[in-house]
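Here is structure.pdb, consisting of PDB, C-alpha atoms:
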ATOM      1  CA  MET A   1      85.145 107.676  79.866
ATOM      2  CA  PRO A   2      84.163 105.965  76.600
ATOM      3  CA  ALA A   3      85.631 102.578  75.818
ATOM      4  CA  SER A   4      88.333 102.418  73.210
ATOM      5  CA  LYS A   5      91.006 100.051  71.999
ATOM      6  CA  ASP A   6      93.752 102.464  72.817
ATOM      7  CA  SER A   7      96.708 101.272  74.869
ATOM      8  CA  ASP A   8      95.895 103.608  77.770
ATOM      9  CA  ALA A   9      92.923 101.425  78.726
ATOM     10  CA  ALA A  10      93.686  98.500  81.021
ATOM     11  CA  PHE A  11      90.125  97.213  80.639
ATOM     12  CA  ALA A  12      87.078  98.291  78.684
ATOM     13  CA  LEU A  13      83.541  97.182  77.990
ATOM     14  CA  VAL A  14      81.965  97.856  74.617
ATOM     15  CA  ARG A  15      78.159  97.650  74.621
ATOM     16  CA  ALA A  16      78.477  94.781  77.098
ATOM     17  CA  THR A  17      75.377  92.979  78.360
ATOM     18  CA  ARG A  18      75.149  90.107  80.843
ATOM     19  CA  ALA A  19      71.689  88.602  81.090
ATOM     20  CA  PHE A  20      70.394  85.959  83.485
ATOM     21  CA  ASP A  21      67.185  84.691  81.892
ATOM     22  CA  THR A  22      65.132  87.882  81.463
ATOM     23  CA  VAL A  23      67.182  89.983  83.909
ATOM     24  CA  ARG A  24      69.987  92.121  82.487
ATOM     25  CA  ALA A  25      72.487  92.451  85.327
ATOM     26  CA  VAL A  26      74.671  94.531  83.002
ATOM     27  CA  ASP A  27      72.778  96.237  80.219
ATOM     28  CA  ASP A  28      74.540  97.677  77.148
ATOM     29  CA  VAL A  29      77.421  99.239  79.112
ATOM     30  CA  THR A  30      80.355 100.993  77.471
ATOM     31  CA  LEU A  31      83.170 101.996  79.835
ATOM     32  CA  SER A  32      86.944 102.336  79.793
ATOM     33  CA  PHE A  33      89.356 102.085  82.733
ATOM     34  CA  ALA A  34      92.646 103.895  82.224
ATOM     35  CA  ARG A  35      95.932 102.438  83.402
ATOM     36  CA  GLY A  36      97.223 103.637  86.739
ATOM     37  CA  HIS A  37      93.934 105.199  87.831
ATOM     38  CA  THR A  38      91.410 104.278  90.526
ATOM     39  CA  SER A  39      87.752 103.984  89.505
ATOM     40  CA  ILE A  40      84.893 103.191  91.877
ATOM     41  CA  LEU A  41      81.692 101.375  90.910
ATOM     42  CA  ILE A  42      78.829 102.355  93.195
ATOM     43  CA  GLY A  43      75.150 101.579  93.436
ATOM     44  CA  THR A  44      72.518  99.800  95.475
ATOM     45  CA  SER A  45      72.356  96.009  95.831
ATOM     46  CA  GLY A  46      71.436  94.404  92.518
ATOM     47  CA  SER A  47      72.626  97.361  90.434
ATOM     48  CA  GLY A  48      75.079  95.221  88.446
ATOM     49  CA  LYS A  49      78.360  96.566  89.798
ATOM     50  CA  SER A  50      79.731  93.212  91.004
ATOM     51  CA  THR A  51      78.645  91.480  87.791
ATOM     52  CA  LEU A  52      80.458  94.156  85.800
ATOM     53  CA  LEU A  53      83.611  93.538  87.835
ATOM     54  CA  ARG A  54      83.324  89.790  87.227
ATOM     55  CA  LEU A  55      82.981  90.400  83.481
ATOM     56  CA  LEU A  56      86.378  92.102  83.465
ATOM     57  CA  ILE A  57      88.125  88.992  84.757
ATOM     58  CA  GLY A  58      86.075  86.413  82.870
ATOM     59  CA  LEU A  59      84.158  85.060  85.857
ATOM     60  CA  GLU A  60      81.067  86.050  83.900
ATOM     61  CA  TRP A  61      80.859  86.178  80.128
ATOM     62  CA  PRO A  62      78.947  88.845  78.171
ATOM     63  CA  THR A  63      75.690  87.788  76.565
ATOM     64  CA  ALA A  64      76.319  90.551  74.017
ATOM     65  CA  GLY A  65      79.072  93.073  73.369
ATOM     66  CA  GLU A  66      82.663  92.531  74.385
ATOM     67  CA  VAL A  67      85.263  93.025  77.103
ATOM     68  CA  LEU A  68      88.690  94.345  76.195
ATOM     69  CA  CYS A  69      91.918  93.742  78.118
ATOM     70  CA  ASP A  70      94.897  95.828  77.013
ATOM     71  CA  GLY A  71      92.946  96.738  73.897
ATOM     72  CA  ARG A  72      92.327  93.112  72.875
ATOM     73  CA  PRO A  73      89.051  91.207  73.204
ATOM     74  CA  LEU A  74      88.978  88.986  76.277
ATOM     75  CA  ARG A  75      89.149  85.368  75.105
ATOM     76  CA  ARG A  76      88.522  82.111  76.905
ATOM     77  CA  ASP A  77      91.802  80.622  75.688
ATOM     78  CA  ARG A  78      93.726  83.538  77.260
ATOM     79  CA  LEU A  79      91.856  83.745  80.566
ATOM     80  CA  LEU A  80      94.658  82.317  82.715
ATOM     81  CA  GLU A  81      97.141  84.769  81.213
ATOM     82  CA  THR A  82      94.729  87.653  81.833
ATOM     83  CA  ARG A  83      93.969  86.623  85.408
ATOM     84  CA  ARG A  84      97.639  86.463  86.312
ATOM     85  CA  GLY A  85      97.783  90.178  85.582
ATOM     86  CA  VAL A  86      94.887  90.930  87.935
ATOM     87  CA  GLY A  87      94.640  90.813  91.718
ATOM     88  CA  TYR A  88      91.077  90.060  92.830
ATOM     89  CA  VAL A  89      89.742  90.739  96.339
ATOM     90  CA  ILE A  90      86.241  89.875  97.498
ATOM     91  CA  GLN A  91      84.260  90.739 100.615
ATOM     92  CA  GLU A  92      85.563  88.850 103.681
ATOM     93  CA  GLY A  93      88.679  87.872 101.741
ATOM     94  CA  GLY A  94      87.775  84.418 100.444
ATOM     95  CA  LEU A  95      90.767  82.804 102.146
ATOM     96  CA  PHE A  96      91.090  79.021 102.266
ATOM     97  CA  PRO A  97      90.411  78.074 105.913
ATOM     98  CA  HIS A  98      92.595  74.928 105.886
ATOM     99  CA  LEU A  99      95.711  76.855 104.813
ATOM    100  CA  THR A 100      97.844  79.178 106.915
ATOM    101  CA  VAL A 101      98.272  82.780 105.851
ATOM    102  CA  LEU A 102     101.550  81.857 104.155
ATOM    103  CA  GLY A 103      99.855  78.868 102.527
ATOM    104  CA  ASN A 104      97.129  81.123 101.120
ATOM    105  CA  LEU A 105      99.670  83.621  99.866
ATOM    106  CA  GLY A 106     101.855  80.987  98.242
ATOM    107  CA  LEU A 107      99.190  78.900  96.531
ATOM    108  CA  LEU A 108      99.370  80.467  93.070
ATOM    109  CA  PRO A 109     103.080  81.451  93.173
ATOM    110  CA  ARG A 110     104.061  77.868  94.086
ATOM    111  CA  HIS A 111     101.887  76.611  91.225
ATOM    112  CA  LEU A 112     103.865  78.907  88.918
ATOM    113  CA  GLY A 113     107.178  77.545  90.145
ATOM    114  CA  TRP A 114     108.223  79.908  92.927
ATOM    115  CA  ASN A 115     110.347  78.278  95.621
ATOM    116  CA  ALA A 116     109.593  78.576  99.350
ATOM    117  CA  VAL A 117     112.251  81.244  99.924
ATOM    118  CA  ARG A 118     110.848  83.529  97.224
ATOM    119  CA  VAL A 119     107.283  83.063  98.482
ATOM    120  CA  HIS A 120     108.310  83.882 102.062
ATOM    121  CA  GLN A 121     110.318  86.944 101.033
ATOM    122  CA  GLN A 122     107.438  88.358  98.993
ATOM    123  CA  ALA A 123     105.048  87.644 101.873
ATOM    124  CA  LEU A 124     107.298  89.545 104.297
ATOM    125  CA  GLU A 125     107.505  92.553 101.961
ATOM    126  CA  LEU A 126     103.723  92.642 101.559
ATOM    127  CA  ALA A 127     103.207  92.197 105.307
ATOM    128  CA  GLU A 128     105.249  95.360 105.807
ATOM    129  CA  LEU A 129     103.263  97.181 103.115
ATOM    130  CA  THR A 130      99.898  96.209 104.628
ATOM    131  CA  HIS A 131     100.961  96.521 108.288
ATOM    132  CA  LEU A 132     100.412  92.840 109.084
ATOM    133  CA  HIS A 133     102.729  91.462 111.767
ATOM    134  CA  PRO A 134     105.008  88.757 110.269
ATOM    135  CA  ARG A 135     104.192  86.321 113.073
ATOM    136  CA  LEU A 136     100.636  86.101 111.686
ATOM    137  CA  LEU A 137     101.921  84.365 108.542
ATOM    138  CA  ALA A 138     101.812  81.059 110.457
ATOM    139  CA  ARG A 139      98.204  81.456 111.594
ATOM    140  CA  PHE A 140      95.025  80.147 110.000
ATOM    141  CA  PRO A 141      92.278  82.549 108.796
ATOM    142  CA  ALA A 142      89.992  81.639 111.728
ATOM    143  CA  GLU A 143      92.697  82.902 114.085
ATOM    144  CA  LEU A 144      92.686  86.387 112.520
ATOM    145  CA  SER A 145      90.445  89.395 113.009
ATOM    146  CA  GLY A 146      88.285  90.642 110.147
ATOM    147  CA  GLY A 147      90.708  93.462 109.418
ATOM    148  CA  GLN A 148      93.665  91.084 109.408
ATOM    149  CA  ARG A 149      91.895  88.732 106.990
ATOM    150  CA  GLN A 150      91.282  91.629 104.587
ATOM    151  CA  ARG A 151      94.959  92.576 104.777
ATOM    152  CA  VAL A 152      95.867  88.998 103.897
ATOM    153  CA  ALA A 153      93.370  89.012 101.012
ATOM    154  CA  LEU A 154      95.024  92.143  99.640
ATOM    155  CA  MET A 155      98.465  90.591 100.103
ATOM    156  CA  ARG A 156      97.338  87.514  98.177
ATOM    157  CA  ALA A 157      96.072  89.727  95.355
ATOM    158  CA  LEU A 158      99.459  91.478  95.224
ATOM    159  CA  MET A 159     101.721  88.393  95.413
ATOM    160  CA  LEU A 160     102.402  88.301  91.654
ATOM    161  CA  ASP A 161     102.665  92.128  91.500
ATOM    162  CA  PRO A 162      99.789  92.433  88.987
ATOM    163  CA  PRO A 163      99.227  95.744  87.183
ATOM    164  CA  THR A 164      95.496  95.736  88.016
ATOM    165  CA  LEU A 165      93.504  95.276  91.229
ATOM    166  CA  LEU A 166      89.789  94.451  91.261
ATOM    167  CA  LEU A 167      88.131  94.796  94.680
ATOM    168  CA  ASP A 168      84.520  93.805  95.332
ATOM    169  CA  GLU A 169      83.344  95.564  98.520
ATOM    170  CA  PRO A 170      86.568  94.604 100.333
ATOM    171  CA  LEU A 171      85.629  96.531 103.496
ATOM    172  CA  GLY A 172      81.890  95.894 103.555
ATOM    173  CA  ALA A 173      81.875  93.297 106.353
ATOM    174  CA  LEU A 174      84.070  95.253 108.778
ATOM    175  CA  ASP A 175      82.967  97.300 111.760
ATOM    176  CA  PRO A 176      83.155 101.100 111.268
ATOM    177  CA  LEU A 177      86.330 101.680 113.301
ATOM    178  CA  VAL A 178      88.334  98.956 111.534
ATOM    179  CA  ARG A 179      86.882  99.996 108.188
ATOM    180  CA  HIS A 180      87.961 103.622 108.709
ATOM    181  CA  GLY A 181      91.529 102.598 109.469
ATOM    182  CA  LEU A 182      91.755 100.279 106.486
ATOM    183  CA  GLN A 183      90.354 102.942 104.168
ATOM    184  CA  GLU A 184      93.305 105.167 105.051
ATOM    185  CA  GLU A 185      95.789 102.339 104.544
ATOM    186  CA  LEU A 186      94.271 101.143 101.277
ATOM    187  CA  ARG A 187      94.249 104.601  99.724
ATOM    188  CA  GLU A 188      97.906 105.069 100.630
ATOM    189  CA  ILE A 189      98.757 101.655  99.151
ATOM    190  CA  PHE A 190      96.943 102.551  95.919
ATOM    191  CA  ARG A 191      98.903 105.799  95.707
ATOM    192  CA  ARG A 192     102.244 104.132  96.405
ATOM    193  CA  LEU A 193     101.837 101.270  93.956
ATOM    194  CA  GLY A 194     100.295 103.251  91.085
ATOM    195  CA  LYS A 195      98.244 100.305  89.845
ATOM    196  CA  THR A 196      94.970 100.313  87.956
ATOM    197  CA  VAL A 197      92.306  99.882  90.643
ATOM    198  CA  ILE A 198      88.612  99.144  90.032
ATOM    199  CA  MET A 199      86.659  98.865  93.257
ATOM    200  CA  VAL A 200      83.014  98.157  94.091
ATOM    201  CA  THR A 201      81.227  99.760  97.039
ATOM    202  CA  HIS A 202      77.679 100.814  97.893
ATOM    203  CA  ASP A 203      78.958 103.698 100.059
ATOM    204  CA  MET A 204      79.218 107.066  98.305
ATOM    205  CA  ALA A 205      81.459 108.611 100.970
ATOM    206  CA  GLU A 206      83.870 105.690 100.750
ATOM    207  CA  ALA A 207      83.848 105.926  96.958
ATOM    208  CA  ALA A 208      84.678 109.651  97.023
ATOM    209  CA  PHE A 209      87.432 108.994  99.581
ATOM    210  CA  PHE A 210      89.218 106.615  97.216
ATOM    211  CA  SER A 211      88.797 108.298  93.843
ATOM    212  CA  SER A 212      87.611 111.286  91.867
ATOM    213  CA  ARG A 213      86.024 108.918  89.337
ATOM    214  CA  LEU A 214      82.713 107.464  90.498
ATOM    215  CA  ILE A 215      80.521 105.297  88.271
ATOM    216  CA  LEU A 216      76.958 105.016  89.573
ATOM    217  CA  MET A 217      74.906 102.054  88.344
ATOM    218  CA  ARG A 218      71.237 101.146  88.515
ATOM    219  CA  ARG A 219      69.508  98.102  87.016
ATOM    220  CA  GLY A 220      72.582  97.221  85.000
ATOM    221  CA  ARG A 221      73.076 100.641  83.430
ATOM    222  CA  VAL A 222      75.464 103.497  84.155
ATOM    223  CA  GLN A 223      73.565 106.483  85.531
ATOM    224  CA  GLN A 224      76.499 108.874  85.857
ATOM    225  CA  ASP A 225      80.284 108.756  85.478
ATOM    226  CA  GLY A 226      82.259 111.581  87.100
ATOM    227  CA  SER A 227      83.488 113.147  90.324
ATOM    228  CA  LEU A 228      81.479 113.733  93.480
ATOM    229  CA  GLU A 229      81.296 117.412  92.541
ATOM    230  CA  ASP A 230      79.875 116.461  89.136
ATOM    231  CA  PHE A 231      77.201 114.417  90.897
ATOM    232  CA  ARG A 232      76.395 117.297  93.223
ATOM    233  CA  HIS A 233      76.327 120.149  90.746
ATOM    234  CA  ALA A 234      75.143 118.375  87.593
ATOM    235  CA  PRO A 235      73.233 115.204  88.538
ATOM    236  CA  ALA A 236      72.284 113.256  85.431
ATOM    237  CA  ASN A 237      68.790 112.320  86.606
ATOM    238  CA  GLU A 238      66.446 112.021  89.577
ATOM    239  CA  PHE A 239      67.967 108.718  90.703
ATOM    240  CA  VAL A 240      71.371 110.367  91.072
ATOM    241  CA  ARG A 241      69.795 113.090  93.231
ATOM    242  CA  GLU A 242      68.038 110.493  95.390
ATOM    243  CA  PHE A 243      71.194 108.411  95.771
ATOM    244  CA  LEU A 244      73.137 111.468  96.922
ATOM    245  CA  ALA A 245      70.381 112.508  99.322
ATOM    246  CA  ALA A 246      70.454 109.055 100.922
ATOM    247  CA  HIS A 247      74.116 109.519 101.902
ATOM    248  CA  ARG A 248      74.118 112.050 104.719
ATOM    249  CA  ASN A 249      77.773 111.443 105.615
ATOM    250  CA  LEU A 250      79.242 112.866 102.420
ATOM    251  CA  PRO A 251      82.186 115.255 102.921
ATOM    252  CA  ASP A 252      81.758 118.925 102.114
ATOM    253  CA  GLU A 253      84.939 118.740 100.064
ATOM    254  CA  VAL A 254      87.027 115.863  98.760
ATOM    255  CA  ALA A 255      90.755 116.080  99.404
TER     256      ALA A 255
END

What does the file become when written as structure tokens?
Amino acid sequence: MPASKDSDAAFALVRATRAFDTVRAVDDVTLSFARGHTSILIGTSGSGKSTLLRLLIGLEWPTAGEVLCDGRPLRRDRLLETRRGVGYVIQEGGLFPHLTVLGNLGLLPRHLGWNAVRVHQQALELAELTHLHPRLLARFPAELSGGQRQRVALMRALMLDPPTLLLDEPLGALDPLVRHGLQEELREIFRRLGKTVIMVTHDMAEAAFFSSRLILMRRGRVQQDGSLEDFRHAPANEFVREFLAAHRNLPDEVA
């Protein structure tokens, strides 16, 4: 989907490059992410997908080109405003170990002036949404399982009810059984909330499970942007064919 300044795009990159010395982690990428849709960035390690995600929220800044948020160029003096409209989840959650679950969830809301009652009520509603038992709100991250920590990380990202969710391999560190269960729950949450979701994974089957829009990257460039069936029946190049062949667990059909 080409980038544009139209109001349907929650985020877009226009000829965006992010270089680290001589390495272009993102290399002249133009993409647009429509509101209310789920898009999945896939690729091998070092392909640039996580750097691209970080560009969208201003954790990295383009060496060339630009990033658009709601059709306007992302600016340093508006970063806090932009970030409040985005929930960001990283692998293993990134929870603060010295805070309880409720403390983690309430950190930003309390900074913005929410009182304890409002924080607790929102936490309870999100615990129900993510199937986290309310009694776990008083525990510390080290007292939770990996799956529970990822639920809390998602809850934290949703506390301010942002229109956009960015998820960087949120299930990558989980064992297969827990990961399978959370995939089902996450997809249902995405469907229920109707938010713009941009998620990074290296797993093609997981990507196809979550969305019909897959964006495959290699060496900082987009190799193909389309559905799993597009990749299968009209691969853009030999790398796309090889990437598909390396994933033997792909479904015959995508629901």

(request) Mind checking which residues fall within 9 Å of range 80-83 of chain A, counting all atoms listed in the file, ignoring those fewer than 6 positions away in the same chain, and posting them as a PyMOL selection string? (result) chain A and resi 57-58+69+74+162

(request) Find the distance between CA of Ala138 in chain A and CA of Lys195 in chain A and write it in Å to one decimal. (result) 28.4 Å

(message) Which residue is closest to Ser45 in chain A? Choose from A:Asp203, A:Asp21, A:Glu125, A:Glu229 and count all atoms listed in the file.
(response)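 Of A:Asp203, A:Asp21, A:Glu125, A:Glu229, the one nearest Ser45 in chain A is A:Asp203, counting all atoms listed in the file.
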
(message) What does the structure give for the distance between CA of Met217 in chain A and CA of Phe231 in chain A, in Å to one decimal?
(response) 12.8 Å

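Those residues returned by the PyMOL selection byres ((chain A and resi 159) around 8) for this file are Leu105, Gly106, Pro109, Gln122, Ala123, Leu126, Met155, Arg156, Ala157, Leu158, Leu160, Asp161 and Pro162 of chain A.
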
Specify the axis-aligned box that encloses all atoms of range 173-191 of chain A listed in the file after padding of 8 Å on each side, stating its centre and edge lengths in Å to one decimal as AutoDock Vina command-line options.
--center_x 90.4 --center_y 99.5 --center_z 104.5 --size_x 33.0 --size_y 28.5 --size_z 33.6

(message) Running the PyMOL selection byres ((chain A and resi 166) around 7) on this model by hand, what would come out? Give it as a list of chain:residue names.
(response)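 On the file shown, the PyMOL selection byres ((chain A and resi 166) around 7) covers A:Gly87, A:Tyr88, A:Val89, A:Thr164, A:Leu165, A:Leu167, A:Asp168, A:Val197, A:Ile198, A:Met199.
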
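The two atoms in question, CA of Arg18 in chain A and CA of Thr51 in chain A, are spaced 7.9 Å apart.
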
(message) When the PyMOL selection byres ((chain A and resi 60) around 12) is applied to the structure above, which residues does it catch, written out as an NGL selection string?
(response) :A and (16-20 or 25-26 or 48 or 50-59 or 61-64 or 66-67 or 74-76 or 79)

For the selection just defined, write its residues with C-alpha atoms to a file, as a CSV table (one decimal), in the coordinates of the input.
chain,number,residue,atom,x,y,z
A,16,ALA,CA,78.5,94.8,77.1
A,17,THR,CA,75.4,93.0,78.4
A,18,ARG,CA,75.1,90.1,80.8
A,19,ALA,CA,71.7,88.6,81.1
A,20,PHE,CA,70.4,86.0,83.5
A,25,ALA,CA,72.5,92.5,85.3
A,26,VAL,CA,74.7,94.5,83.0
A,48,GLY,CA,75.1,95.2,88.4
A,50,SER,CA,79.7,93.2,91.0
A,51,THR,CA,78.6,91.5,87.8
A,52,LEU,CA,80.5,94.2,85.8
A,53,LEU,CA,83.6,93.5,87.8
A,54,ARG,CA,83.3,89.8,87.2
A,55,LEU,CA,83.0,90.4,83.5
A,56,LEU,CA,86.4,92.1,83.5
A,57,ILE,CA,88.1,89.0,84.8
A,58,GLY,CA,86.1,86.4,82.9
A,59,LEU,CA,84.2,85.1,85.9
A,61,TRP,CA,80.9,86.2,80.1
A,62,PRO,CA,78.9,88.8,78.2
A,63,THR,CA,75.7,87.8,76.6
A,64,ALA,CA,76.3,90.6,74.0
A,66,GLU,CA,82.7,92.5,74.4
A,67,VAL,CA,85.3,93.0,77.1
A,74,LEU,CA,89.0,89.0,76.3
A,75,ARG,CA,89.1,85.4,75.1
A,76,ARG,CA,88.5,82.1,76.9
A,79,LEU,CA,91.9,83.7,80.6

(request) Go through A:Leu41, A:Leu68, A:Val200, A:Ala116 one by one, measure the shortest atom-to-atom distance of each to Arg15 in chain A using all atoms listed in the file, and give the residue with the smallest value. (result)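 Using all atoms listed in the file, the shortest distance to Arg15 in chain A belongs to A:Leu68.
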
(message) List as a PyMOL selection string the protein and nucleic acid residues near Arg221 in chain A, meaning an atom at most 7 Å away when all atoms listed in the file are counted, but skip any in the same chain fewer than 2 places from it.
(response) chain A and resi 26-27+29+217-219+223

Okay, now the selection with C-alpha atoms, as a PDB file, in the coordinates of the input?
ATOM      1  CA  VAL A  26      74.671  94.531  83.002  1.00  0.00           C
ATOM      2  CA  ASP A  27      72.778  96.237  80.219  1.00  0.00           C
ATOM      3  CA  VAL A  29      77.421  99.239  79.112  1.00  0.00           C
ATOM      4  CA  MET A 217      74.906 102.054  88.344  1.00  0.00           C
ATOM      5  CA  ARG A 218      71.237 101.146  88.515  1.00  0.00           C
ATOM      6  CA  ARG A 219      69.508  98.102  87.016  1.00  0.00           C
ATOM      7  CA  GLN A 223      73.565 106.483  85.531  1.00  0.00           C
TER       8      GLN A 223
END

Output range 145-173 of chain A with N, CA and C atoms present, as a PDB file, in the frame of the given file.
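What ended up in rebuild.pdb:
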ATOM      1  N   SER A 145      91.587  88.481 112.968  1.00  0.00           N
ATOM      2  CA  SER A 145      90.445  89.395 113.009  1.00  0.00           C
ATOM      3  C   SER A 145      89.969  89.675 111.588  1.00  0.00           C
ATOM      4  N   GLY A 146      88.798  90.300 111.467  1.00  0.00           N
ATOM      5  CA  GLY A 146      88.285  90.642 110.147  1.00  0.00           C
ATOM      6  C   GLY A 146      89.226  91.561 109.383  1.00  0.00           C
ATOM      7  N   GLY A 147      89.774  92.546 110.067  1.00  0.00           N
ATOM      8  CA  GLY A 147      90.708  93.462 109.418  1.00  0.00           C
ATOM      9  C   GLY A 147      91.972  92.768 108.962  1.00  0.00           C
ATOM     10  N   GLN A 148      92.466  91.834 109.786  1.00  0.00           N
ATOM     11  CA  GLN A 148      93.665  91.084 109.408  1.00  0.00           C
ATOM     12  C   GLN A 148      93.400  90.196 108.197  1.00  0.00           C
ATOM     13  N   ARG A 149      92.223  89.574 108.148  1.00  0.00           N
ATOM     14  CA  ARG A 149      91.895  88.732 106.990  1.00  0.00           C
ATOM     15  C   ARG A 149      91.848  89.559 105.711  1.00  0.00           C
ATOM     16  N   GLN A 150      91.324  90.789 105.790  1.00  0.00           N
ATOM     17  CA  GLN A 150      91.282  91.629 104.587  1.00  0.00           C
ATOM     18  C   GLN A 150      92.677  92.063 104.164  1.00  0.00           C
ATOM     19  N   ARG A 151      93.565  92.280 105.122  1.00  0.00           N
ATOM     20  CA  ARG A 151      94.959  92.576 104.777  1.00  0.00           C
ATOM     21  C   ARG A 151      95.594  91.394 104.049  1.00  0.00           C
ATOM     22  N   VAL A 152      95.325  90.197 104.546  1.00  0.00           N
ATOM     23  CA  VAL A 152      95.867  88.998 103.897  1.00  0.00           C
ATOM     24  C   VAL A 152      95.288  88.839 102.495  1.00  0.00           C
ATOM     25  N   ALA A 153      93.994  89.108 102.338  1.00  0.00           N
ATOM     26  CA  ALA A 153      93.370  89.012 101.012  1.00  0.00           C
ATOM     27  C   ALA A 153      94.028  89.984 100.038  1.00  0.00           C
ATOM     28  N   LEU A 154      94.335  91.182 100.496  1.00  0.00           N
ATOM     29  CA  LEU A 154      95.024  92.143  99.640  1.00  0.00           C
ATOM     30  C   LEU A 154      96.439  91.670  99.325  1.00  0.00           C
ATOM     31  N   MET A 155      97.125  91.133 100.331  1.00  0.00           N
ATOM     32  CA  MET A 155      98.465  90.591 100.103  1.00  0.00           C
ATOM     33  C   MET A 155      98.436  89.495  99.046  1.00  0.00           C
ATOM     34  N   ARG A 156      97.447  88.597  99.154  1.00  0.00           N
ATOM     35  CA  ARG A 156      97.338  87.514  98.177  1.00  0.00           C
ATOM     36  C   ARG A 156      97.132  88.069  96.770  1.00  0.00           C
ATOM     37  N   ALA A 157      96.311  89.114  96.661  1.00  0.00           N
ATOM     38  CA  ALA A 157      96.072  89.727  95.355  1.00  0.00           C
ATOM     39  C   ALA A 157      97.325  90.377  94.784  1.00  0.00           C
ATOM     40  N   LEU A 158      98.252  90.772  95.657  1.00  0.00           N
ATOM     41  CA  LEU A 158      99.459  91.478  95.224  1.00  0.00           C
ATOM     42  C   LEU A 158     100.677  90.570  95.067  1.00  0.00           C
ATOM     43  N   MET A 159     100.555  89.281  95.389  1.00  0.00           N
ATOM     44  CA  MET A 159     101.721  88.393  95.413  1.00  0.00           C
ATOM     45  C   MET A 159     102.467  88.363  94.084  1.00  0.00           C
ATOM     46  N   LEU A 160     101.753  88.360  92.971  1.00  0.00           N
ATOM     47  CA  LEU A 160     102.402  88.301  91.654  1.00  0.00           C
ATOM     48  C   LEU A 160     102.674  89.691  91.086  1.00  0.00           C
ATOM     49  N   ASP A 161     102.469  90.731  91.914  1.00  0.00           N
ATOM     50  CA  ASP A 161     102.665  92.128  91.500  1.00  0.00           C
ATOM     51  C   ASP A 161     101.893  92.454  90.219  1.00  0.00           C
ATOM     52  N   PRO A 162     100.581  92.199  90.206  1.00  0.00           N
ATOM     53  CA  PRO A 162      99.789  92.433  88.987  1.00  0.00           C
ATOM     54  C   PRO A 162      99.606  93.930  88.738  1.00  0.00           C
ATOM     55  N   PRO A 163      99.437  94.324  87.478  1.00  0.00           N
ATOM     56  CA  PRO A 163      99.227  95.744  87.183  1.00  0.00           C
ATOM     57  C   PRO A 163      97.842  96.258  87.559  1.00  0.00           C
ATOM     58  N   THR A 164      96.877  95.336  87.756  1.00  0.00           N
ATOM     59  CA  THR A 164      95.496  95.736  88.016  1.00  0.00           C
ATOM     60  C   THR A 164      94.964  95.052  89.267  1.00  0.00           C
ATOM     61  N   LEU A 165      94.190  95.812  90.065  1.00  0.00           N
ATOM     62  CA  LEU A 165      93.504  95.276  91.229  1.00  0.00           C
ATOM     63  C   LEU A 165      92.001  95.460  91.053  1.00  0.00           C
ATOM     64  N   LEU A 166      91.248  94.397  91.244  1.00  0.00           N
ATOM     65  CA  LEU A 166      89.789  94.451  91.261  1.00  0.00           C
ATOM     66  C   LEU A 166      89.337  94.107  92.676  1.00  0.00           C
ATOM     67  N   LEU A 167      88.554  94.995  93.294  1.00  0.00           N
ATOM     68  CA  LEU A 167      88.131  94.796  94.680  1.00  0.00           C
ATOM     69  C   LEU A 167      86.613  94.916  94.772  1.00  0.00           C
ATOM     70  N   ASP A 168      85.976  93.850  95.246  1.00  0.00           N
ATOM     71  CA  ASP A 168      84.520  93.805  95.332  1.00  0.00           C
ATOM     72  C   ASP A 168      84.088  93.978  96.788  1.00  0.00           C
ATOM     73  N   GLU A 169      83.744  95.205  97.161  1.00  0.00           N
ATOM     74  CA  GLU A 169      83.344  95.564  98.520  1.00  0.00           C
ATOM     75  C   GLU A 169      84.290  94.955  99.561  1.00  0.00           C
ATOM     76  N   PRO A 170      85.584  95.254  99.456  1.00  0.00           N
ATOM     77  CA  PRO A 170      86.568  94.604 100.333  1.00  0.00           C
ATOM     78  C   PRO A 170      86.422  94.969 101.802  1.00  0.00           C
ATOM     79  N   LEU A 171      85.749  96.086 102.107  1.00  0.00           N
ATOM     80  CA  LEU A 171      85.629  96.531 103.496  1.00  0.00           C
ATOM     81  C   LEU A 171      84.203  96.427 104.015  1.00  0.00           C
ATOM     82  N   GLY A 172      83.310  95.862 103.226  1.00  0.00           N
ATOM     83  CA  GLY A 172      81.890  95.894 103.555  1.00  0.00           C
ATOM     84  C   GLY A 172      81.502  95.156 104.816  1.00  0.00           C
ATOM     85  N   ALA A 173      82.262  94.111 105.201  1.00  0.00           N
ATOM     86  CA  ALA A 173      81.875  93.297 106.353  1.00  0.00           C
ATOM     87  C   ALA A 173      82.542  93.739 107.655  1.00  0.00           C
TER      88      ALA A 173
END
